Amino acid sequence: MATVVEACVIHAMQDLGYKARWPKRDSKSTTWKDKSKWCAYHEDFGHMTEDCIALRKEISYLLSKGHLKEILGRKREKSKENNQDDHRIPEKPGSPPSDAKIINVISGGSNIYDTSYSQAKRHAKVSKTEKEDRPRKNTMVSSEKEITFDDTDKEGIQDPHHDRLVIKLYMANHFVRRILINGGSSVNIVLIDALKRMNIPESEIVRRSSVLIGFSGETKHTVGEIKVPIYIEGVNSIQNFYVIDTLSSYNVILGRLWIHELKTVPSTYHQCVKLPTPWGTVKIMGDQQELKECY
């Protein structure tokens, strides 16, 4: 049996009369041929019409002469449209709700980067006043294909500085503040208190204790692991986190696991992180005031 398209081609070839070349009938016995396979072009058993090499050659010949284009032309055009649909940029998902709960937290340190706690608080107070005069969105999208940084990325940054990169992201239906981007960490880390504030039950934590080793060799045992969704300007990703139960200045630490998977490019100097998306390059700005309050 022939498919619908092949049946139409055979019919169109018959309408072409002498312009179409047909194979000669085989007068030999057909008892040895597979009776379950029929070729409409040869009008004989042995192989299927769609597998007929001679038919393909004849169709190519007729197309070169300008025939059969009404049938096969529509098929090719439809196939082209389907391929275009496959490569079409998907529609960007909607943005997270503006009234989503914001996760703040947690506690501060005593002396970080030679900046005392009291000095950092005074700096944060001044920064807060300056920031209120220039409100900014947390993220921006541009049409750039290459990820680069220039002086425009430093607008609104307190400079000179030696600040780490702390951002805010939409995680598990909550805006989570105090997220440290740390290229020196091989894993993603989330505090158990942050999960509680996101209304994520401890039952979702996979109880698998691991040992995290810090820069100076100190160790910390994890509570377990958990997968948490992160949304960034239309890009949804599920990230694996190690859960720890401790006091920290940060809710979340995003390490190389997140950086490499999303192909993000962080810049502590420019206080922002950029990542490619189907809709352009997304820029997530750091929050120096938030960082000062982490001390």
# chains A, B, ... in the order shown; residues from 1 in each chain; ligands from 1
$ residues_around --residues "A:Ala54" --least-positions-apart "4" --cutoff "12 Å" --atoms "only C-alpha atoms" --output "ChimeraX atom specification"
/A:21-24,39-42,47-50,58-61
$ closest_residue --among "A:Lys154, A:His11, A:Lys168, A:Lys57" --to "A:Ile253" --atoms "only C-alpha atoms"
A:Lys168
$ atom_distance --atom1 "atom CA of A:Lys19" --atom2 "atom CA of A:Lys65"
9.5 Å
$ atom_distance --atom1 "atom CA of A:Val282" --atom2 "atom CA of A:Ser248"
28.2 Å
$ closest_residue --among "A:Glu155, A:Lys37, A:Gln289, A:His67" --to "A:Gln14" --atoms "only C-alpha atoms"
A:His67
$ residues_around --residues "A:Ser185" --least-positions-apart "5" --cutoff "10 Å" --atoms "only C-alpha atoms" --output "PyMOL selection string"
chain A and resi 212-215+253-257
$ write_last_selection --atoms "N, CA and C atoms" --output "PDB file, in the first residue's frame"
ATOM      1  N   LEU A 212      30.815  19.902  54.170  1.00  0.00           N
ATOM      2  CA  LEU A 212      31.302  21.041  53.412  1.00  0.00           C
ATOM      3  C   LEU A 212      32.564  21.557  54.087  1.00  0.00           C
ATOM      4  N   ILE A 213      33.588  21.795  53.284  1.00  0.00           N
ATOM      5  CA  ILE A 213      34.867  22.258  53.807  1.00  0.00           C
ATOM      6  C   ILE A 213      35.096  23.698  53.375  1.00  0.00           C
ATOM      7  N   GLY A 214      35.358  24.580  54.344  1.00  0.00           N
ATOM      8  CA  GLY A 214      35.575  25.984  54.062  1.00  0.00           C
ATOM      9  C   GLY A 214      37.010  26.271  53.653  1.00  0.00           C
ATOM     10  N   PHE A 215      37.285  27.569  53.398  1.00  0.00           N
ATOM     11  CA  PHE A 215      38.595  27.988  52.913  1.00  0.00           C
ATOM     12  C   PHE A 215      39.700  27.641  53.906  1.00  0.00           C
ATOM     13  N   ILE A 253      23.565  30.716  48.926  1.00  0.00           N
ATOM     14  CA  ILE A 253      24.833  30.893  48.213  1.00  0.00           C
ATOM     15  C   ILE A 253      24.729  30.130  46.900  1.00  0.00           C
ATOM     16  N   LEU A 254      24.875  30.853  45.793  1.00  0.00           N
ATOM     17  CA  LEU A 254      24.860  30.226  44.471  1.00  0.00           C
ATOM     18  C   LEU A 254      26.301  30.079  44.004  1.00  0.00           C
ATOM     19  N   GLY A 255      26.716  28.830  43.784  1.00  0.00           N
ATOM     20  CA  GLY A 255      28.091  28.569  43.403  1.00  0.00           C
ATOM     21  C   GLY A 255      28.246  28.250  41.929  1.00  0.00           C
ATOM     22  N   ARG A 256      29.336  27.579  41.613  1.00  0.00           N
ATOM     23  CA  ARG A 256      29.645  27.294  40.201  1.00  0.00           C
ATOM     24  C   ARG A 256      28.609  26.382  39.559  1.00  0.00           C
ATOM     25  N   LEU A 257      27.926  25.568  40.357  1.00  0.00           N
ATOM     26  CA  LEU A 257      26.889  24.697  39.809  1.00  0.00           C
ATOM     27  C   LEU A 257      25.829  25.515  39.080  1.00  0.00           C
TER      28      LEU A 257
END
$ closest_residue --among "A:His161, A:Tyr250, A:Ile147, A:Leu63" --to "A:Met13" --atoms "only C-alpha atoms"
A:Leu63
$ residues_around --residues "A:Cys272" --least-positions-apart "2" --cutoff "7 Å" --atoms "only C-alpha atoms" --output "list of chain:residue names"
A:Pro266, A:Ser267, A:Thr268, A:His270, A:Lys274, A:Lys283, A:Ile284, A:Met285, A:Gly286
$ atom_distance --atom1 "atom CA of A:Phe149" --atom2 "atom CA of A:Val273"
9.7 Å
$ closest_residue --among "A:Phe175, A:Thr246, A:His221, A:Ile226" --to "A:Val206" --atoms "only C-alpha atoms"
A:Ile226
$ closest_residue --among "A:Glu202, A:Gly66, A:Glu293, A:Trp32" --to "A:Ser249" --atoms "only C-alpha atoms"
A:Glu293
$ closest_residue --among "A:Tyr242, A:Val190, A:Ile232, A:Ile181" --to "A:Ile167" --atoms "only C-alpha atoms"
A:Ile181
$ residues_around --residues "A:Ile102" --least-positions-apart "2" --cutoff "7 Å" --atoms "only C-alpha atoms" --output "list of chain:residue names"
A:Ala100, A:Asn104, A:His174, A:Phe175, A:Val176
